[in-house]
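Shown next: target-v5.tsv, given as TSV, C-alpha atoms.
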chain	number	residue	atom	x	y	z
A	3	MET	CA	28.97	-6.81	5.64
A	4	GLN	CA	27.21	-4.10	7.62
A	5	TYR	CA	28.28	-0.47	7.20
A	6	GLY	CA	28.06	1.74	10.25
A	7	PHE	CA	29.45	4.75	12.08
A	8	PHE	CA	31.86	5.24	14.96
A	9	ILE	CA	31.56	8.50	16.91
A	10	ASP	CA	34.18	9.63	19.41
A	11	ALA	CA	31.81	11.69	21.56
A	12	LYS	CA	34.39	11.96	24.32
A	13	TYR	CA	36.24	14.67	22.39
A	14	CYS	CA	33.46	16.23	20.28
A	15	ALA	CA	33.31	20.04	20.69
A	16	GLY	CA	29.89	20.39	19.09
A	17	CYS	CA	31.14	22.51	16.17
A	18	LYS	CA	28.45	21.02	13.87
A	19	THR	CA	30.77	20.95	10.85
A	20	CYS	CA	29.60	17.39	10.10
A	21	GLN	CA	25.97	18.55	10.24
A	22	VAL	CA	26.62	21.47	7.90
A	23	ALA	CA	28.59	19.32	5.43
A	24	CYS	CA	25.77	16.77	5.30
A	25	LYS	CA	23.12	19.48	4.87
A	26	ASP	CA	25.13	21.09	2.08
A	27	ARG	CA	25.80	17.81	0.25
A	28	SER	CA	22.13	16.84	0.43
A	29	ASP	CA	20.92	20.37	-0.46
A	30	LEU	CA	18.40	20.30	2.37
A	31	ALA	CA	15.82	23.00	3.05
A	32	VAL	CA	15.62	24.98	6.26
A	33	GLY	CA	14.57	22.70	9.13
A	34	GLN	CA	15.75	19.52	7.39
A	35	LEU	CA	18.79	17.68	8.77
A	36	PHE	CA	20.06	14.19	8.03
A	37	ARG	CA	22.87	14.50	10.61
A	38	LYS	CA	22.12	16.26	13.87
A	39	VAL	CA	24.52	17.33	16.60
A	40	HIS	CA	22.80	17.15	19.99
A	41	ASN	CA	23.92	18.41	23.37
A	42	TYR	CA	23.01	16.11	26.23
A	43	GLU	CA	23.06	17.14	29.87
A	44	ASP	CA	22.49	14.97	32.90
A	45	GLY	CA	23.04	15.01	36.63
A	46	GLY	CA	22.70	17.52	39.41
A	47	TRP	CA	23.71	17.72	43.02
A	48	VAL	CA	24.09	14.71	45.32
A	49	LYS	CA	24.73	14.77	49.05
A	50	ARG	CA	27.74	12.85	50.36
A	51	GLY	CA	28.00	13.14	54.08
A	52	GLU	CA	27.65	16.85	54.85
A	53	ALA	CA	28.81	17.98	51.40
A	54	TRP	CA	26.86	18.54	48.19
A	55	ILE	CA	28.74	17.26	45.14
A	56	SER	CA	27.94	18.07	41.50
A	57	ASN	CA	27.73	15.07	39.17
A	58	VAL	CA	26.71	17.05	36.09
A	59	THR	CA	27.64	15.58	32.71
A	60	SER	CA	27.33	17.44	29.42
A	61	TYR	CA	28.43	16.18	26.02
A	62	TRP	CA	27.83	16.51	22.28
A	63	LEU	CA	26.70	13.62	20.12
A	64	THR	CA	26.37	13.61	16.33
A	65	ILE	CA	23.72	11.23	15.01
A	66	SER	CA	22.39	10.39	11.55
A	67	CYS	CA	20.72	7.28	10.21
A	68	ASN	CA	22.34	4.37	12.04
A	69	HIS	CA	21.58	1.87	9.24
A	70	CYS	CA	20.21	-0.47	11.87
A	71	ALA	CA	20.45	-4.24	11.58
A	72	ASN	CA	16.77	-4.39	12.52
A	73	PRO	CA	15.43	-1.07	11.17
A	74	ALA	CA	12.06	0.04	12.54
A	75	CYS	CA	11.58	2.35	9.55
A	76	VAL	CA	11.73	-0.56	7.09
A	77	LYS	CA	9.20	-2.57	9.11
A	78	ALA	CA	6.84	0.40	9.30
A	79	CYS	CA	6.96	1.36	5.61
A	80	PRO	CA	3.78	0.05	3.90
A	81	THR	CA	5.10	0.37	0.33
A	82	GLY	CA	8.66	-0.94	0.57
A	83	ALA	CA	10.06	2.51	-0.20
A	84	MET	CA	12.29	2.15	2.84
A	85	TYR	CA	14.55	-0.87	2.43
A	86	LYS	CA	17.80	-2.41	3.64
A	87	ARG	CA	20.48	-3.43	1.16
A	88	THR	CA	21.73	-6.96	1.70
A	89	GLU	CA	25.22	-6.33	0.28
A	90	ASP	CA	26.25	-3.60	2.74
A	91	GLY	CA	23.40	-3.11	5.21
A	92	LEU	CA	22.68	0.49	4.24
A	93	VAL	CA	19.08	1.53	4.84
A	94	LEU	CA	17.91	3.43	1.77
A	95	HIS	CA	14.77	5.13	0.54
A	96	ASN	CA	13.18	4.90	-2.90
A	97	ALA	CA	11.30	8.17	-3.41
A	98	ALA	CA	9.33	6.75	-6.35
A	99	ASP	CA	7.59	4.26	-4.02
A	100	CYS	CA	7.08	6.72	-1.13
A	101	VAL	CA	3.51	7.87	-0.49
A	102	GLY	CA	4.50	10.33	2.25
A	103	CYS	CA	2.59	8.55	5.03
A	104	GLN	CA	5.45	9.23	7.49
A	105	SER	CA	5.15	5.80	9.16
A	106	CYS	CA	8.94	5.51	9.00
A	107	VAL	CA	9.38	8.94	10.61
A	108	TRP	CA	7.26	7.93	13.59
A	109	ALA	CA	8.87	4.49	13.89
A	110	CYS	CA	12.53	5.56	13.92
A	111	PRO	CA	13.84	6.13	17.46
A	112	TYR	CA	16.73	8.21	16.06
A	113	ASP	CA	14.63	10.70	14.04
A	114	ALA	CA	16.54	9.78	10.88
A	115	PRO	CA	13.82	9.87	8.17
A	116	GLN	CA	12.77	13.44	7.44
A	117	TYR	CA	9.43	14.40	5.90
A	118	ASN	CA	9.83	16.92	3.08
A	119	PRO	CA	6.57	18.91	2.84
A	120	ALA	CA	7.70	20.53	-0.42
A	121	VAL	CA	7.39	17.21	-2.25
A	122	GLY	CA	5.14	15.30	0.18
A	123	LYS	CA	7.68	12.50	0.65
A	124	VAL	CA	10.31	11.33	3.09
A	125	HIS	CA	14.07	11.44	2.54
A	126	LYS	CA	17.05	10.46	4.71
A	127	CYS	CA	20.77	9.84	5.05
A	128	ASP	CA	21.96	7.30	2.50
A	129	GLY	CA	25.46	6.90	3.95
A	130	CYS	CA	26.73	8.96	1.00
A	131	ILE	CA	26.39	5.79	-1.05
A	132	ASP	CA	27.65	7.44	-4.25
A	133	ARG	CA	30.86	8.51	-2.49
A	134	VAL	CA	31.30	5.14	-0.77
A	135	GLN	CA	30.89	3.29	-4.08
A	136	ALA	CA	33.58	5.59	-5.51
A	137	GLY	CA	35.96	4.61	-2.68
A	138	LEU	CA	35.42	7.82	-0.71
A	139	ARG	CA	34.12	8.40	2.80
A	140	PRO	CA	30.82	10.06	3.71
A	141	VAL	CA	31.07	13.87	3.82
A	142	CYS	CA	30.43	13.98	7.57
A	143	VAL	CA	33.52	11.83	8.15
A	144	ASP	CA	35.75	14.00	5.97
A	145	ALA	CA	34.32	17.25	7.37
A	146	CYS	CA	35.03	16.60	11.06
A	147	PRO	CA	37.99	18.85	11.94
A	148	TYR	CA	38.86	16.59	14.90
A	149	GLN	CA	38.55	13.32	12.92
A	150	LEU	CA	36.06	11.93	15.43
A	151	ILE	CA	33.73	10.18	12.97
A	152	ASP	CA	34.61	6.97	11.18
A	153	PHE	CA	32.61	4.87	8.73
A	154	GLY	CA	33.02	1.32	7.50
A	155	ASP	CA	32.19	-2.29	8.25
A	156	ILE	CA	30.81	-2.27	11.80
A	157	GLU	CA	32.89	-5.27	12.89
A	158	GLU	CA	36.08	-3.60	11.63
A	159	LEU	CA	35.10	-0.39	13.44
A	160	ARG	CA	34.45	-2.38	16.62
A	161	ALA	CA	37.90	-4.00	16.39
A	162	LYS	CA	39.57	-0.66	15.63
A	163	HIS	CA	37.78	1.64	18.08
A	164	GLY	CA	35.59	-0.37	20.47
A	165	GLY	CA	32.60	1.64	21.62
A	166	THR	CA	29.00	1.07	22.62
A	167	ALA	CA	25.49	1.98	21.49
A	168	TYR	CA	24.32	2.21	25.12
A	169	VAL	CA	24.57	5.98	25.46
A	170	LYS	CA	22.40	8.24	27.60
A	171	GLY	CA	20.13	10.29	25.37
A	172	LEU	CA	19.80	7.61	22.70
A	173	ALA	CA	17.13	4.97	22.29
A	174	ASP	CA	17.64	1.49	23.71
A	175	PRO	CA	19.81	-0.21	21.06
A	176	ASN	CA	18.00	-3.51	21.67
A	177	ARG	CA	15.05	-2.06	19.73
A	178	THR	CA	16.73	-1.72	16.32
A	179	THR	CA	20.37	-2.88	16.73
A	180	PRO	CA	21.90	0.33	15.33
A	181	SER	CA	25.14	0.09	13.35
A	182	LEU	CA	26.62	2.67	15.67
A	183	LEU	CA	29.57	2.65	18.05
A	184	VAL	CA	30.20	5.55	20.40
A	185	ASN	CA	33.17	6.33	22.59
A	186	PRO	CA	31.09	7.99	25.31
A	187	PRO	CA	32.29	10.62	27.75
A	188	THR	CA	32.45	9.75	31.43
A	189	GLY	CA	28.95	9.34	32.81
A	190	ALA	CA	27.29	8.96	29.40
A	191	ILE	CA	26.95	5.16	29.32
A	192	SER	CA	23.37	4.06	29.90
A	193	SER	CA	22.03	0.88	31.42
A	194	PRO	CA	21.08	-1.89	28.96
A	195	ILE	CA	17.71	-1.88	30.75
A	196	GLY	CA	15.88	1.44	30.77
A	197	GLY	CA	17.22	4.94	31.05
A	198	ASN	CA	16.96	5.73	27.33
A	199	ARG	CA	14.49	7.85	25.43
A	200	LYS	CA	11.63	6.36	23.39

In structure tokens, how does this file's structure come out?
Amino acid sequence: MQYGFFIDAKYCAGCKTCQVACKDRSDLAVGQLFRKVHNYEDGGWVKRGEAWISNVTSYWLTISCNHCANPACVKACPTGAMYKRTEDGLVLHNAADCVGCQSCVWACPYDAPQYNPAVGKVHKCDGCIDRVQAGLRPVCVDACPYQLIDFGDIEELRAKHGGTAYVKGLADPNRTTPSLLVNPPTGAISSPIGGNRK
């Protein structure tokens, strides 16, 4: 099994309730976020015949650790502090083994691992593993007032919602195979080749 997230970005209003709930649950300091709500804008004016037409797209997208099938952070970690659980695919971090080198921070194309200067170590989203093991959902899922975030086995989410990881503004999913499905707004689907950041 591989746990992952589904995000219905088509209807997200950017309220950041999921971001605040995650920050509160994790008791994060100022400047530290495990879930981030980004606003992406694209497009401009294009000429069609004698007319100029606007093709501007703007949308919100909430992103946390995507618990990738091929996590760059795990590969980059020299101590094994960053690891992937075989039973559910969650990418976790063992603070006791972390030396604070930040290799995982630099490797992750989704900016998921966060360096905590107060303790000189990295920390990150753990998929609310304690809640999941108790049969509950991650706090970001429960907090969304529009019910636009879902969490579970990625294949079940794919069957239930569909979605894609090829979204403008996100890294090329071929790099890490994120456990992420997005229902993108019109104009937000990116090409499988190029067009993504990092």

### Query
Quick one: residues within 8 Å of Ile156 in chain A, only C-alpha atoms counted, chain neighbours fewer than 4 positions away excluded, as number ranges by chain?
A: 3-7, 160, 181-182

Could you produce a table of the residues of range 76-122 of chain A lying within 12 Å of range 31-34 of chain A, with the nearest pair of atoms per residue and their separation in Å rounded to one decimal, using only C-alpha atoms, ordered by chain and increasing residue number, as CSV?
residue,atom,partner,partner_atom,distance
A:Asp113,CA,A:Gln34,CA,11.1
A:Ala114,CA,A:Gln34,CA,10.4
A:Pro115,CA,A:Gln34,CA,9.9
A:Gln116,CA,A:Gln34,CA,6.8
A:Tyr117,CA,A:Gln34,CA,8.3
A:Asn118,CA,A:Gln34,CA,7.8
A:Pro119,CA,A:Ala31,CA,10.1
A:Ala120,CA,A:Ala31,CA,9.2
A:Val121,CA,A:Ala31,CA,11.5

### Query
Which is closest to Pro73 in chain A among A:Leu159, A:Ala109, A:Cys103, A:Val39, if we use only C-alpha atoms?
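Using only C-alpha atoms, Pro73 in chain A sits closest to A:Ala109.
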
### Query
With all atoms listed in the file as the basis for distance, which of A:Cys100, A:Ala11, A:Leu30, A:Ile131 is at the shortest distance from Thr64 in chain A?
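Closest residue, counting all atoms listed in the file: A:Ala11.
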
### Message
What's the separation between CA of Trp62 in chain A and CA of Cys14 in chain A, in Å to one decimal place?
### Response
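These atoms are spaced 6.0 Å apart.
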
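Every protein or nucleic acid residue with an atom no more than 12 Å from Cys70 in chain A, counting all atoms listed in the file and leaving out same-chain residues fewer than 6 positions away, appears here: Gln4, Tyr5, Gly6, Phe7, Val76, Lys77, Tyr85, Lys86, Arg87, Asp90, Gly91, Leu92, Val93, Leu94, Cys110, Pro111, Tyr112, Ala114, Ile156, Ala167, Pro175, Asn176, Arg177, Thr178, Thr179, Pro180, Ser181, Leu182 and Leu183 of chain A.
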
### Query
If we count all atoms listed in the file, what is near Asn41 in chain A at a cut-off of 12 Å, once residues fewer than 5 positions away on the same chain are taken out, given as a PyMOL selection string?
chain A and resi 11+14-18+59-65+170-172+190

### Query
Can you list, as number ranges by chain, every protein, DNA or RNA residue that comes within 12 Å of Asp26 in chain A when you count all atoms listed in the file, leaving out same-chain residues fewer than 2 positions away?
A: 19-24, 28-32, 34-37, 141-142, 145

Store the residues picked out above in a file with C-alpha atoms, as a PDB file, in the coordinates of the input.
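After the write, result.pdb holds the following:
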ATOM      1  CA  THR A  19      30.770  20.950  10.850  1.00  0.00           C
ATOM      2  CA  CYS A  20      29.600  17.390  10.100  1.00  0.00           C
ATOM      3  CA  GLN A  21      25.970  18.550  10.240  1.00  0.00           C
ATOM      4  CA  VAL A  22      26.620  21.470   7.900  1.00  0.00           C
ATOM      5  CA  ALA A  23      28.590  19.320   5.430  1.00  0.00           C
ATOM      6  CA  CYS A  24      25.770  16.770   5.300  1.00  0.00           C
ATOM      7  CA  SER A  28      22.130  16.840   0.430  1.00  0.00           C
ATOM      8  CA  ASP A  29      20.920  20.370  -0.460  1.00  0.00           C
ATOM      9  CA  LEU A  30      18.400  20.300   2.370  1.00  0.00           C
ATOM     10  CA  ALA A  31      15.820  23.000   3.050  1.00  0.00           C
ATOM     11  CA  VAL A  32      15.620  24.980   6.260  1.00  0.00           C
ATOM     12  CA  GLN A  34      15.750  19.520   7.390  1.00  0.00           C
ATOM     13  CA  LEU A  35      18.790  17.680   8.770  1.00  0.00           C
ATOM     14  CA  PHE A  36      20.060  14.190   8.030  1.00  0.00           C
ATOM     15  CA  ARG A  37      22.870  14.500  10.610  1.00  0.00           C
ATOM     16  CA  VAL A 141      31.070  13.870   3.820  1.00  0.00           C
ATOM     17  CA  CYS A 142      30.430  13.980   7.570  1.00  0.00           C
ATOM     18  CA  ALA A 145      34.320  17.250   7.370  1.00  0.00           C
TER      19      ALA A 145
END

### Task
Show which residues sit within 6 Å of Cys106 in chain A, as a PyMOL selection string. Count all atoms listed in the file, and ignore same-chain residues fewer than 4 positions away.
chain A and resi 75+78-79

### Task
Could you please determine the separation between CA of Tyr42 in chain A and CA of Val184 in chain A in Å, to one decimal place?
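For CA of Tyr42 in chain A relative to CA of Val184 in chain A, the distance reads 14.0 Å.
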
### Message
Using Å and a single decimal, report how far CA of Arg133 in chain A sits from CA of Cys67 in chain A.
### Response
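Going from CA of Cys67 in chain A over to CA of Arg133 in chain A, I get 16.3 Å.
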
### Task
Determine, counting all atoms listed in the file, every residue of protein, DNA or RNA that lies within 6 Å of (36.8, 14.6, 19.4) in the file coordinates, then give the result as a PyMOL selection string.
chain A and resi 10+13-14+148+150
